[in-house]
Amino acid sequence: MSEVTKEVLLEVRDLKKYFPIRRGLFRRQVGEIKAVDGVSFDIYQGETLGLVGESGGGKSTTGWTIIRDLEPTAGSVRFQGQDLSILAHGEMRRMRRHIQMIFQDPYASLNPRMTVGSIVSEPLEVHKIGTSDQRRARVQELLEIVGLNPGFINRYPHEFSGGQRQRIGIARALATNPTFVVADEPISALDVSIQAQVVNLLWDLKHEFGLTYLFIAHDLSMVRYISDRVAVMYLGRVVEMGSTEDVYRSSLHPYTQALVSAIPVADPEVEMTRQPIILEGDVPNPANPPSGCHFHPRCVHATEICLQDDPEFRNLGQDAEHWVACHHAEQVQGQTFGN
Amino acid sequence: MAHLLEVRDLVTRFYTEDGAVHAVNGISYTLDEGESLGIVGESGSGKTVGVLSLMGLIPDPPGRVERGEVFFADNDLLKLSADQLRDIRGREIAMIFQDPMTSLNPVLTVGYQIAEIMRPHLNLSQEEITERTVELMELVGIPNAASRRKDFPHQFSGGQRQRIMIAMSLACNPSVLIADEPTTALDVTIQAQIIDLVKRLSEQFGMATIWITHDLGVVAGLVNRVIVMYAGFIVESASVLDLYKKTSHPYTLGLLQSLPSLHATIATDRLIPIEGAPPDLLQAPVHCPFAPRCQFAVDQCWQENPPLQRVASNHDSACWRWQDVRAATEQLA
């Protein structure tokens, strides 16, 4: 059993990832998309941190930049005290033994020309772990752990259903005994009945192997269900972060309030009284975000200051930390509707 | 009262190199005027194919509507010519899809495309059509509609494109609106906007709506009645309250138990997934299609496919053991 401790496993500080916008014959840079724009948070040993927000809000880019599948523009990521952002490529590759990723689309993320055995054992080969016999035994063990028949080792991805493919992806991620796993929308491509299987599996594995998860998803009810803490992103910035209970039941940011109120509940009696907050307008273009607080054009609480000043990310929590980036959080608090 | 729409024993198959895919296996249901109906199922359940079949939108080959009748306004839609069906499709039964970008023509302005829908169906002058186009765009919440009608689809956001599809679907005052997962591709807060918009407009104009979705959460607050489909069969059909509170089919129960309840956490309340995977539709169904995944299955379920039978007023289930399922549901509540 792993317990959530107060020991920081991963420390993200002022992380930025900008993508250049290039136009014209000479691909001149005409602007940039600030996909991740100064994100800071800690992930504690043994916890599940849920990361939610709209698509294009920078959730996945945050995950990919942490593990340096994308090079950060600025900022630091410390893993077990070591600054990942300054590691040379070879050192980072060795570090990836401990940091693995589970992807969204089990159809696109597995090489169709490789057998299940070679897909799952590839990370072992990359990190030169074990002899080929030991690796084969380890693959069979891993298949069993994720609930697949070890006899499937010589089959190809197309012979499996979506849920089974996601299990293959999970087995591959676990091959090197990682400590930290970034799960990027691991269930959103799966049918409802299969989602529950995968969520239960992720939970069991976390306990069996003492894993820590960054769980990136847009399904707010599933994130609430499995996360210890939740961070909410809007246009490249974390706007609220705290314990799951605090973020969902005492939201401090108007955007979080709208998200939470929009979660449909599979109970007609609850639904009869649920009053979703319908936000006006669209999610702005991340290449040209609004001034000041990025959320102000859609916010009912916005005043002059929100148009001009970036709100500071501050801790308003009493017992536990509860961070928010809103000028009017104190007024917003207590106005949580719905659930 | 006669039903607005009545589907009887509809069978649709797709003929592929691997054999016949049994997509829809004899489904029957009705829709009344102004009613809101949810059709819930996972991928491959036949929920979308069933509706495309009655609209004459199944590509043939490889698909074929093998059998069935679909009564709408005294016509059997399956017996109409392509032209007659197209006329009903534009004017009387409208549909909005998951991905508005594939349904809009990228090289025509949105104003032109909305007007195009009205021209053959409504007897209006060019000025009246333009006026109504702007009205419709305003109705679905596109700002500056008068100038924006001259813009092309790519100049609008995903949510706005879905709004334009809704404007097109409303253009001829249809009596039925079919919404096939219209919010799946959209962001959470935009989903809420679109659902709210369609709900408001269908009430305002008295349209009957069919919501096709995989999400039992979404329909709980939207519809009067729900049909649950599995492997091309209707396995349960009930009023929205009865479906969730007096569940009488193990698949519906399984779907409900796969969703986290409101204040549950994984540490205290583990989800109860449906084990196994959805069936192979290449096999002609002989036993109950859900039997391989069903915790209630007994010998009979492997011998005979249970028919959809009445289990209470306005409540049908296709399960030999529906009483045990109902009892289990009530014990959980």
# chains A, B, ... in the order shown; residues from 1 in each chain; ligands from 1

$ residues_around --residues "range 266-275 of chain A" --least-positions-apart "2" --cutoff "8 Å" --atoms "only C-alpha atoms" --output "number ranges by chain"
A: 261, 264, 277, 337-339; B: 216-221, 240-241, 244, 256, 259, 261

$ write_last_selection --atoms "all heavy atoms" --output "short mmCIF file (atom, residue, chain, number, x, y, z; two decimals), in the first residue's frame"
data_model
loop_
_atom_site.label_atom_id
_atom_site.label_comp_id
_atom_site.auth_asym_id
_atom_site.auth_seq_id
_atom_site.Cartn_x
_atom_site.Cartn_y
_atom_site.Cartn_z
N SER A 261 -20.53 22.80 -12.22
CA SER A 261 -21.99 22.84 -12.35
C SER A 261 -22.45 22.16 -13.63
O SER A 261 -23.60 21.78 -13.77
CB SER A 261 -22.48 24.29 -12.34
OG SER A 261 -22.31 24.88 -13.62
N PRO A 264 -22.88 16.41 -15.82
CA PRO A 264 -24.18 15.75 -15.75
C PRO A 264 -24.14 14.59 -14.75
O PRO A 264 -23.11 13.94 -14.57
CB PRO A 264 -24.39 15.23 -17.18
CG PRO A 264 -23.10 15.30 -17.87
CD PRO A 264 -22.13 16.08 -17.03
N ILE A 277 -24.28 26.46 -14.68
CA ILE A 277 -23.90 27.83 -15.03
C ILE A 277 -23.49 27.78 -16.49
O ILE A 277 -22.54 27.08 -16.85
CB ILE A 277 -22.72 28.31 -14.17
CG1 ILE A 277 -23.05 28.22 -12.69
CG2 ILE A 277 -22.30 29.72 -14.58
CD1 ILE A 277 -21.84 28.39 -11.78
N PHE A 337 -22.73 26.67 -6.92
CA PHE A 337 -24.08 26.17 -7.16
C PHE A 337 -24.03 24.66 -7.30
O PHE A 337 -22.98 24.05 -7.35
CB PHE A 337 -24.63 26.75 -8.46
CG PHE A 337 -24.70 28.24 -8.44
CD1 PHE A 337 -23.63 29.00 -8.86
CD2 PHE A 337 -25.84 28.86 -7.97
CE1 PHE A 337 -23.71 30.37 -8.85
CE2 PHE A 337 -25.92 30.23 -7.95
CZ PHE A 337 -24.85 30.99 -8.39
N GLY A 338 -25.23 24.09 -7.45
CA GLY A 338 -25.33 22.67 -7.82
C GLY A 338 -24.80 21.76 -6.75
O GLY A 338 -25.27 21.80 -5.63
N ASN A 339 -23.78 20.99 -7.10
CA ASN A 339 -23.35 19.91 -6.23
C ASN A 339 -22.59 20.42 -5.03
O ASN A 339 -21.57 19.95 -4.70
CB ASN A 339 -22.44 18.96 -7.01
CG ASN A 339 -22.95 18.75 -8.40
OD1 ASN A 339 -24.14 18.62 -8.59
ND2 ASN A 339 -22.05 18.71 -9.38
N LEU B 216 -25.16 8.01 -20.03
CA LEU B 216 -26.39 7.99 -19.24
C LEU B 216 -26.53 9.23 -18.37
O LEU B 216 -27.61 9.56 -17.91
CB LEU B 216 -26.43 6.74 -18.35
CG LEU B 216 -26.96 5.47 -19.01
CD1 LEU B 216 -26.76 4.28 -18.09
CD2 LEU B 216 -28.43 5.60 -19.34
N GLY B 217 -25.42 9.93 -18.15
CA GLY B 217 -25.47 11.17 -17.39
C GLY B 217 -26.16 12.26 -18.19
O GLY B 217 -27.06 12.94 -17.70
N VAL B 218 -25.77 12.40 -19.46
CA VAL B 218 -26.31 13.49 -20.28
C VAL B 218 -27.82 13.41 -20.43
O VAL B 218 -28.52 14.41 -20.31
CB VAL B 218 -25.62 13.51 -21.68
CG1 VAL B 218 -26.34 14.44 -22.62
CG2 VAL B 218 -24.17 13.93 -21.54
N VAL B 219 -28.36 12.21 -20.69
CA VAL B 219 -29.80 12.13 -20.96
C VAL B 219 -30.66 12.21 -19.71
O VAL B 219 -31.84 12.53 -19.80
CB VAL B 219 -30.19 10.87 -21.76
CG1 VAL B 219 -29.68 10.96 -23.18
CG2 VAL B 219 -29.73 9.61 -21.09
N ALA B 220 -30.08 11.96 -18.54
CA ALA B 220 -30.89 11.92 -17.32
C ALA B 220 -31.69 13.20 -17.12
O ALA B 220 -32.82 13.16 -16.64
CB ALA B 220 -30.00 11.65 -16.11
N GLY B 221 -31.11 14.33 -17.51
CA GLY B 221 -31.80 15.59 -17.30
C GLY B 221 -32.46 16.13 -18.55
O GLY B 221 -32.96 17.25 -18.55
N VAL B 240 -37.68 8.00 -18.06
CA VAL B 240 -36.33 8.27 -17.56
C VAL B 240 -36.21 7.91 -16.07
O VAL B 240 -35.20 7.33 -15.64
CB VAL B 240 -35.93 9.74 -17.85
CG1 VAL B 240 -36.75 10.73 -17.07
CG2 VAL B 240 -34.45 9.97 -17.64
N LEU B 241 -37.23 8.17 -15.29
CA LEU B 241 -37.16 7.88 -13.87
C LEU B 241 -37.10 6.36 -13.61
O LEU B 241 -36.28 5.89 -12.82
CB LEU B 241 -38.36 8.50 -13.15
CG LEU B 241 -38.13 8.92 -11.71
CD1 LEU B 241 -36.99 9.91 -11.58
CD2 LEU B 241 -39.41 9.54 -11.15
N TYR B 244 -33.66 4.58 -14.38
CA TYR B 244 -32.58 4.73 -13.41
C TYR B 244 -32.94 4.15 -12.04
O TYR B 244 -32.07 3.74 -11.30
CB TYR B 244 -32.20 6.21 -13.24
CG TYR B 244 -31.54 6.82 -14.46
CD1 TYR B 244 -32.30 7.23 -15.55
CD2 TYR B 244 -30.16 6.99 -14.53
CE1 TYR B 244 -31.72 7.78 -16.67
CE2 TYR B 244 -29.57 7.55 -15.66
CZ TYR B 244 -30.35 7.94 -16.71
OH TYR B 244 -29.77 8.48 -17.83
N LEU B 256 -24.82 1.85 -15.36
CA LEU B 256 -24.98 2.75 -14.22
C LEU B 256 -23.90 2.51 -13.17
O LEU B 256 -23.38 3.45 -12.58
CB LEU B 256 -26.38 2.59 -13.59
CG LEU B 256 -27.53 3.15 -14.43
CD1 LEU B 256 -28.87 2.73 -13.85
CD2 LEU B 256 -27.44 4.68 -14.50
N LEU B 259 -20.40 4.12 -13.72
CA LEU B 259 -20.20 5.55 -13.51
C LEU B 259 -20.02 5.84 -12.03
O LEU B 259 -20.73 5.28 -11.20
CB LEU B 259 -21.43 6.32 -14.00
CG LEU B 259 -21.77 6.22 -15.49
CD1 LEU B 259 -23.12 6.86 -15.76
CD2 LEU B 259 -20.70 6.90 -16.32
N SER B 261 -20.70 7.53 -8.67
CA SER B 261 -21.81 8.32 -8.17
C SER B 261 -21.26 9.61 -7.58
O SER B 261 -20.06 9.75 -7.36
CB SER B 261 -22.65 7.55 -7.17
OG SER B 261 -21.84 7.13 -6.11
#

$ residues_around --residues "range 15-19 of chain A" --least-positions-apart "3" --cutoff "9 Å" --atoms "only C-alpha atoms" --output "PyMOL selection string"
chain A and resi 12+31-40+61-62+65-66+70-77+236

$ write_last_selection --atoms "all heavy atoms" --output "short mmCIF file (atom, residue, chain, number, x, y, z; two decimals), in the first residue's frame"
data_model
loop_
_atom_site.label_atom_id
_atom_site.label_comp_id
_atom_site.auth_asym_id
_atom_site.auth_seq_id
_atom_site.Cartn_x
_atom_site.Cartn_y
_atom_site.Cartn_z
N VAL A 12 7.11 21.37 -10.03
CA VAL A 12 7.06 22.12 -11.29
C VAL A 12 7.04 23.60 -10.94
O VAL A 12 6.22 24.04 -10.14
CB VAL A 12 5.78 21.74 -12.08
CG1 VAL A 12 5.70 22.54 -13.37
CG2 VAL A 12 5.76 20.25 -12.37
N GLY A 31 4.29 35.06 -34.33
CA GLY A 31 3.63 35.10 -33.02
C GLY A 31 3.93 33.81 -32.29
O GLY A 31 4.75 33.02 -32.75
N GLU A 32 3.29 33.63 -31.14
CA GLU A 32 3.49 32.36 -30.46
C GLU A 32 2.23 31.99 -29.68
O GLU A 32 1.45 32.85 -29.28
CB GLU A 32 4.70 32.41 -29.53
CG GLU A 32 4.68 33.54 -28.53
CD GLU A 32 6.06 33.77 -27.91
OE1 GLU A 32 7.00 33.03 -28.25
OE2 GLU A 32 6.17 34.67 -27.08
N ILE A 33 2.06 30.68 -29.52
CA ILE A 33 0.95 30.19 -28.70
C ILE A 33 1.54 29.81 -27.35
O ILE A 33 2.41 28.94 -27.27
CB ILE A 33 0.26 28.98 -29.36
CG1 ILE A 33 -0.43 29.44 -30.65
CG2 ILE A 33 -0.74 28.35 -28.40
CD1 ILE A 33 -1.05 28.32 -31.43
N LYS A 34 1.04 30.46 -26.31
CA LYS A 34 1.55 30.15 -24.98
C LYS A 34 0.72 29.01 -24.41
O LYS A 34 -0.22 29.21 -23.64
CB LYS A 34 1.47 31.40 -24.10
CG LYS A 34 2.35 32.53 -24.64
CD LYS A 34 2.26 33.78 -23.79
CE LYS A 34 3.27 34.80 -24.30
NZ LYS A 34 3.20 36.07 -23.58
N ALA A 35 1.05 27.78 -24.84
CA ALA A 35 0.25 26.62 -24.47
C ALA A 35 0.33 26.37 -22.97
O ALA A 35 -0.66 26.01 -22.33
CB ALA A 35 0.71 25.39 -25.24
N VAL A 36 1.53 26.52 -22.41
CA VAL A 36 1.72 26.44 -20.96
C VAL A 36 2.43 27.73 -20.58
O VAL A 36 3.50 28.03 -21.09
CB VAL A 36 2.58 25.22 -20.57
CG1 VAL A 36 2.77 25.16 -19.06
CG2 VAL A 36 1.93 23.93 -21.06
N ASP A 37 1.81 28.50 -19.69
CA ASP A 37 2.27 29.86 -19.49
C ASP A 37 2.52 30.14 -18.01
O ASP A 37 1.76 30.85 -17.35
CB ASP A 37 1.23 30.84 -20.06
CG ASP A 37 1.78 32.27 -20.16
OD1 ASP A 37 3.01 32.42 -20.08
OD2 ASP A 37 0.96 33.19 -20.30
N GLY A 38 3.57 29.53 -17.48
CA GLY A 38 3.92 29.80 -16.09
C GLY A 38 3.12 28.96 -15.11
O GLY A 38 2.36 29.48 -14.31
N VAL A 39 3.31 27.64 -15.19
CA VAL A 39 2.56 26.72 -14.34
C VAL A 39 3.47 26.22 -13.21
O VAL A 39 4.61 25.83 -13.47
CB VAL A 39 2.03 25.54 -15.18
CG1 VAL A 39 1.63 24.37 -14.31
CG2 VAL A 39 0.86 26.00 -16.04
N SER A 40 2.96 26.27 -11.98
CA SER A 40 3.72 25.77 -10.82
C SER A 40 2.82 24.88 -9.98
O SER A 40 1.70 25.25 -9.67
CB SER A 40 4.19 26.94 -9.94
OG SER A 40 4.97 27.84 -10.68
N THR A 61 -0.08 19.40 -22.97
CA THR A 61 1.24 20.00 -23.19
C THR A 61 2.00 20.05 -21.88
O THR A 61 3.21 19.82 -21.83
CB THR A 61 1.09 21.40 -23.80
OG1 THR A 61 0.23 21.32 -24.93
CG2 THR A 61 2.43 21.95 -24.23
N THR A 62 1.31 20.34 -20.78
CA THR A 62 1.96 20.34 -19.47
C THR A 62 2.55 18.97 -19.18
O THR A 62 3.72 18.85 -18.79
CB THR A 62 0.95 20.72 -18.37
OG1 THR A 62 0.42 22.01 -18.68
CG2 THR A 62 1.59 20.75 -17.01
N THR A 65 5.53 18.24 -21.45
CA THR A 65 6.70 19.07 -21.15
C THR A 65 7.38 18.59 -19.87
O THR A 65 8.61 18.63 -19.77
CB THR A 65 6.28 20.55 -21.05
OG1 THR A 65 5.51 20.89 -22.20
CG2 THR A 65 7.49 21.47 -20.99
N ILE A 66 6.59 18.13 -18.90
CA ILE A 66 7.18 17.62 -17.66
C ILE A 66 8.12 16.46 -17.95
O ILE A 66 9.23 16.39 -17.42
CB ILE A 66 6.06 17.17 -16.67
CG1 ILE A 66 5.38 18.39 -16.06
CG2 ILE A 66 6.62 16.27 -15.57
CD1 ILE A 66 4.18 18.05 -15.21
N LEU A 70 8.36 17.13 -24.85
CA LEU A 70 8.47 18.46 -25.44
C LEU A 70 9.46 19.24 -24.59
O LEU A 70 9.44 19.14 -23.36
CB LEU A 70 7.10 19.17 -25.40
CG LEU A 70 6.02 18.67 -26.34
CD1 LEU A 70 4.69 19.34 -26.00
CD2 LEU A 70 6.40 18.95 -27.79
N GLU A 71 10.36 19.99 -25.25
CA GLU A 71 11.33 20.77 -24.49
C GLU A 71 10.65 22.02 -23.93
O GLU A 71 9.99 22.76 -24.67
CB GLU A 71 12.49 21.18 -25.40
CG GLU A 71 13.44 20.04 -25.74
CD GLU A 71 14.09 19.43 -24.49
OE1 GLU A 71 14.39 20.18 -23.55
OE2 GLU A 71 14.29 18.21 -24.47
N PRO A 72 10.78 22.27 -22.63
CA PRO A 72 10.16 23.48 -22.07
C PRO A 72 10.81 24.76 -22.61
O PRO A 72 12.01 24.77 -22.90
CB PRO A 72 10.39 23.34 -20.56
CG PRO A 72 11.45 22.31 -20.41
CD PRO A 72 11.43 21.45 -21.62
N THR A 73 10.03 25.82 -22.74
CA THR A 73 10.56 27.12 -23.14
C THR A 73 11.27 27.77 -21.95
O THR A 73 12.29 28.43 -22.10
CB THR A 73 9.41 28.03 -23.63
OG1 THR A 73 8.70 27.33 -24.65
CG2 THR A 73 9.91 29.36 -24.17
N ALA A 74 10.70 27.58 -20.76
CA ALA A 74 11.31 28.10 -19.54
C ALA A 74 10.76 27.34 -18.36
O ALA A 74 9.80 26.58 -18.47
CB ALA A 74 11.02 29.59 -19.40
N GLY A 75 11.39 27.53 -17.20
CA GLY A 75 10.88 26.92 -15.99
C GLY A 75 11.64 25.66 -15.63
O GLY A 75 12.52 25.21 -16.38
N SER A 76 11.33 25.10 -14.48
CA SER A 76 12.05 23.92 -14.04
C SER A 76 11.09 22.83 -13.57
O SER A 76 9.98 23.11 -13.14
CB SER A 76 13.01 24.28 -12.90
OG SER A 76 12.28 24.52 -11.72
N VAL A 77 11.56 21.60 -13.70
CA VAL A 77 10.83 20.44 -13.21
C VAL A 77 11.82 19.62 -12.39
O VAL A 77 12.82 19.14 -12.94
CB VAL A 77 10.28 19.58 -14.37
CG1 VAL A 77 9.60 18.34 -13.83
CG2 VAL A 77 9.32 20.37 -15.24
N GLY A 236 -3.61 27.89 -20.60
CA GLY A 236 -2.19 27.80 -20.30
C GLY A 236 -1.81 28.07 -18.86
O GLY A 236 -0.64 28.00 -18.52
#

$ interface_residues --of "chain A" --to "chain B" --cutoff "7 Å" --atoms "only C-alpha atoms" --output "list in words"
Glu54, Ser55, Asp191, Val192, Ser193, Ile194, Ala196, Gln197, Asn200, Ser221, Met222, Tyr225, Ile226, Leu259, Ala262, Pro264, Val265, Ala266, Asp267, Pro268, Glu271, Met272, Ile278 and Leu279 of chain A

$ closest_residue --among "B:Ala171, B:Gln295, B:Thr247, B:Cys301" --to "Ala333 in chain B" --atoms "only C-alpha atoms"
B:Thr247

$ residues_around --residues "Ala82 in chain B" --least-positions-apart "5" --cutoff "10 Å" --atoms "only C-alpha atoms" --output "list in words"
Gly56, Leu77 and Asp87 of chain B

$ residues_around --residues "Tyr156 in chain A" --least-positions-apart "6" --cutoff "7 Å" --atoms "only C-alpha atoms" --output "list in words"
Pro112, Met114, Thr115 and Val116 of chain A

$ select_by_dssp --residues "range 75-302 of chain A" --states "alpha helix (DSSP H)" --output "PDB file with C-alpha atoms, in the first residue's frame"
ATOM      1  CA  HIS A  89      19.437  13.857 -23.533  1.00  0.00           C
ATOM      2  CA  GLY A  90      21.185  10.672 -22.543  1.00  0.00           C
ATOM      3  CA  GLU A  91      20.685  11.391 -18.849  1.00  0.00           C
ATOM      4  CA  MET A  92      17.039  12.212 -19.439  1.00  0.00           C
ATOM      5  CA  ARG A  93      16.550   8.959 -21.321  1.00  0.00           C
ATOM      6  CA  ARG A  94      17.933   7.074 -18.325  1.00  0.00           C
ATOM      7  CA  MET A  95      15.630   9.040 -16.054  1.00  0.00           C
ATOM      8  CA  VAL A 116       2.480  -7.332 -27.977  1.00  0.00           C
ATOM      9  CA  GLY A 117       5.629  -8.946 -26.613  1.00  0.00           C
ATOM     10  CA  SER A 118       7.966  -6.532 -28.369  1.00  0.00           C
ATOM     11  CA  ILE A 119       5.779  -3.511 -27.554  1.00  0.00           C
ATOM     12  CA  VAL A 120       5.840  -4.277 -23.840  1.00  0.00           C
ATOM     13  CA  SER A 121       9.497  -5.300 -23.696  1.00  0.00           C
ATOM     14  CA  GLU A 122      10.799  -2.348 -25.737  1.00  0.00           C
ATOM     15  CA  PRO A 123      11.337  -0.091 -22.690  1.00  0.00           C
ATOM     16  CA  LEU A 124      13.294  -2.938 -21.058  1.00  0.00           C
ATOM     17  CA  GLU A 125      15.525  -3.184 -24.111  1.00  0.00           C
ATOM     18  CA  VAL A 126      16.015   0.582 -24.280  1.00  0.00           C
ATOM     19  CA  SER A 132      16.195 -11.716 -23.318  1.00  0.00           C
ATOM     20  CA  ASP A 133      14.770 -14.661 -21.328  1.00  0.00           C
ATOM     21  CA  GLN A 134      14.239 -12.492 -18.276  1.00  0.00           C
ATOM     22  CA  ARG A 135      12.559  -9.851 -20.420  1.00  0.00           C
ATOM     23  CA  ARG A 136      10.207 -12.438 -21.914  1.00  0.00           C
ATOM     24  CA  ALA A 137       9.273 -13.660 -18.441  1.00  0.00           C
ATOM     25  CA  ARG A 138       8.771 -10.066 -17.305  1.00  0.00           C
ATOM     26  CA  VAL A 139       6.442  -9.358 -20.264  1.00  0.00           C
ATOM     27  CA  GLN A 140       4.325 -12.386 -19.419  1.00  0.00           C
ATOM     28  CA  GLU A 141       4.185 -11.266 -15.815  1.00  0.00           C
ATOM     29  CA  LEU A 142       3.164  -7.744 -16.896  1.00  0.00           C
ATOM     30  CA  LEU A 143       0.413  -9.047 -19.183  1.00  0.00           C
ATOM     31  CA  GLU A 144      -0.958 -11.022 -16.288  1.00  0.00           C
ATOM     32  CA  ILE A 145      -0.791  -7.984 -13.986  1.00  0.00           C
ATOM     33  CA  GLY A 162      -9.830  -0.808 -27.370  1.00  0.00           C
ATOM     34  CA  GLY A 163      -9.883  -1.706 -23.676  1.00  0.00           C
ATOM     35  CA  GLN A 164      -7.365  -4.507 -24.171  1.00  0.00           C
ATOM     36  CA  ARG A 165      -5.070  -2.195 -26.143  1.00  0.00           C
ATOM     37  CA  GLN A 166      -5.151   0.301 -23.318  1.00  0.00           C
ATOM     38  CA  ARG A 167      -4.088  -2.553 -21.023  1.00  0.00           C
ATOM     39  CA  ILE A 168      -1.154  -3.247 -23.356  1.00  0.00           C
ATOM     40  CA  GLY A 169      -0.185   0.444 -23.150  1.00  0.00           C
ATOM     41  CA  ILE A 170      -0.359   0.234 -19.348  1.00  0.00           C
ATOM     42  CA  ALA A 171       1.778  -2.933 -19.263  1.00  0.00           C
ATOM     43  CA  ARG A 172       4.389  -1.137 -21.385  1.00  0.00           C
ATOM     44  CA  ALA A 173       4.353   1.876 -19.074  1.00  0.00           C
ATOM     45  CA  LEU A 174       4.892  -0.375 -16.049  1.00  0.00           C
ATOM     46  CA  VAL A 192     -18.265   3.569 -20.612  1.00  0.00           C
ATOM     47  CA  SER A 193     -18.344  -0.092 -19.584  1.00  0.00           C
ATOM     48  CA  ILE A 194     -14.625  -0.422 -20.366  1.00  0.00           C
ATOM     49  CA  GLN A 195     -13.648   2.882 -18.694  1.00  0.00           C
ATOM     50  CA  ALA A 196     -14.568   1.458 -15.307  1.00  0.00           C
ATOM     51  CA  GLN A 197     -12.345  -1.597 -15.903  1.00  0.00           C
ATOM     52  CA  VAL A 198      -9.344   0.602 -16.719  1.00  0.00           C
ATOM     53  CA  VAL A 199      -9.928   3.014 -13.824  1.00  0.00           C
ATOM     54  CA  ASN A 200     -10.087   0.117 -11.365  1.00  0.00           C
ATOM     55  CA  LEU A 201      -6.909  -1.328 -12.878  1.00  0.00           C
ATOM     56  CA  LEU A 202      -5.043   1.994 -12.550  1.00  0.00           C
ATOM     57  CA  TRP A 203      -6.093   2.203  -8.911  1.00  0.00           C
ATOM     58  CA  ASP A 204      -4.994  -1.359  -8.140  1.00  0.00           C
ATOM     59  CA  LEU A 205      -1.629  -0.812  -9.825  1.00  0.00           C
ATOM     60  CA  LYS A 206      -1.077   2.398  -7.925  1.00  0.00           C
ATOM     61  CA  HIS A 207      -1.437   0.540  -4.663  1.00  0.00           C
ATOM     62  CA  GLU A 208       0.443  -2.543  -5.655  1.00  0.00           C
ATOM     63  CA  PHE A 209       3.467  -0.679  -7.009  1.00  0.00           C
ATOM     64  CA  LEU A 220     -14.715  15.894 -14.430  1.00  0.00           C
ATOM     65  CA  SER A 221     -16.727  13.231 -12.646  1.00  0.00           C
ATOM     66  CA  MET A 222     -14.053  10.569 -13.181  1.00  0.00           C
ATOM     67  CA  VAL A 223     -11.308  12.986 -12.066  1.00  0.00           C
ATOM     68  CA  ARG A 224     -13.257  13.746  -8.916  1.00  0.00           C
ATOM     69  CA  TYR A 225     -13.659  10.049  -8.288  1.00  0.00           C
ATOM     70  CA  ILE A 226      -9.987   9.069  -8.482  1.00  0.00           C
ATOM     71  CA  THR A 244     -10.591  17.316  -4.681  1.00  0.00           C
ATOM     72  CA  GLU A 245     -13.201  18.005  -2.032  1.00  0.00           C
ATOM     73  CA  ASP A 246     -12.305  21.722  -1.838  1.00  0.00           C
ATOM     74  CA  VAL A 247     -12.052  22.271  -5.587  1.00  0.00           C
ATOM     75  CA  TYR A 248     -15.393  20.583  -6.362  1.00  0.00           C
ATOM     76  CA  ARG A 249     -17.453  21.618  -3.359  1.00  0.00           C
ATOM     77  CA  PRO A 254     -15.677  31.197 -11.413  1.00  0.00           C
ATOM     78  CA  TYR A 255     -14.387  28.945 -14.204  1.00  0.00           C
ATOM     79  CA  THR A 256     -14.174  25.951 -11.862  1.00  0.00           C
ATOM     80  CA  GLN A 257     -17.677  26.726 -10.617  1.00  0.00           C
ATOM     81  CA  ALA A 258     -19.001  26.621 -14.181  1.00  0.00           C
ATOM     82  CA  LEU A 259     -17.155  23.371 -14.936  1.00  0.00           C
ATOM     83  CA  VAL A 260     -18.421  21.665 -11.806  1.00  0.00           C
ATOM     84  CA  SER A 261     -21.991  22.843 -12.352  1.00  0.00           C
ATOM     85  CA  PRO A 268     -32.940  12.064 -13.094  1.00  0.00           C
ATOM     86  CA  GLU A 269     -33.961  13.255  -9.631  1.00  0.00           C
ATOM     87  CA  VAL A 270     -30.688  15.128  -9.142  1.00  0.00           C
ATOM     88  CA  GLU A 271     -30.845  16.421 -12.703  1.00  0.00           C
ATOM     89  CA  MET A 272     -34.262  17.986 -12.124  1.00  0.00           C
ATOM     90  CA  THR A 273     -32.743  20.447  -9.687  1.00  0.00           C
TER      91      THR A 273
END

$ atom_distance --atom1 "CA of Ile88 in chain B" --atom2 "CA of Ala73 in chain B"
9.9 Å

$ residues_around --residues "range 225-227 of chain B" --least-positions-apart "3" --cutoff "7 Å" --atoms "only C-alpha atoms" --output "list in words"
Ser36, Leu37, Gly38, Ile39, Val40, Ile234, Glu236, Ser237, Ala238, Ser239 and Val240 of chain B

$ residues_around --residues "Asp9 in chain B" --least-positions-apart "3" --cutoff "9 Å" --atoms "only C-alpha atoms" --output "list in words"
Asn25, Gly26, Ile27, Ser28, Tyr29, Arg67, Gly68, Glu69 and Val70 of chain B

$ residues_around --residues "Asn315 in chain A" --least-positions-apart "4" --cutoff "12 Å" --atoms "only C-alpha atoms" --output "list in words"
Val239, Glu240, Met241, Gly242, Leu252, Asp319, Ala320, Glu321, His322, Trp323, Val324, Ala325, Cys326, Ala329 and Glu330 of chain A

$ select_by_dssp --residues "range 169-323 of chain B" --states "strand (DSSP E)" --output "MDAnalysis selection string"
chainID B and resid 176:180 208:213 225:230 233:239 309:312 315:317

$ atom_distance --atom1 "CA of Thr252 in chain B" --atom2 "CA of Thr48 in chain B"
18.1 Å

$ closest_residue --among "B:Gln303, B:Gln283, B:Val235, B:Ser248" --to "Trp322 in chain B" --atoms "only C-alpha atoms"
B:Ser248

$ atom_distance --atom1 "CA of Leu190 in chain A" --atom2 "CA of Leu10 in chain A"
28.9 Å
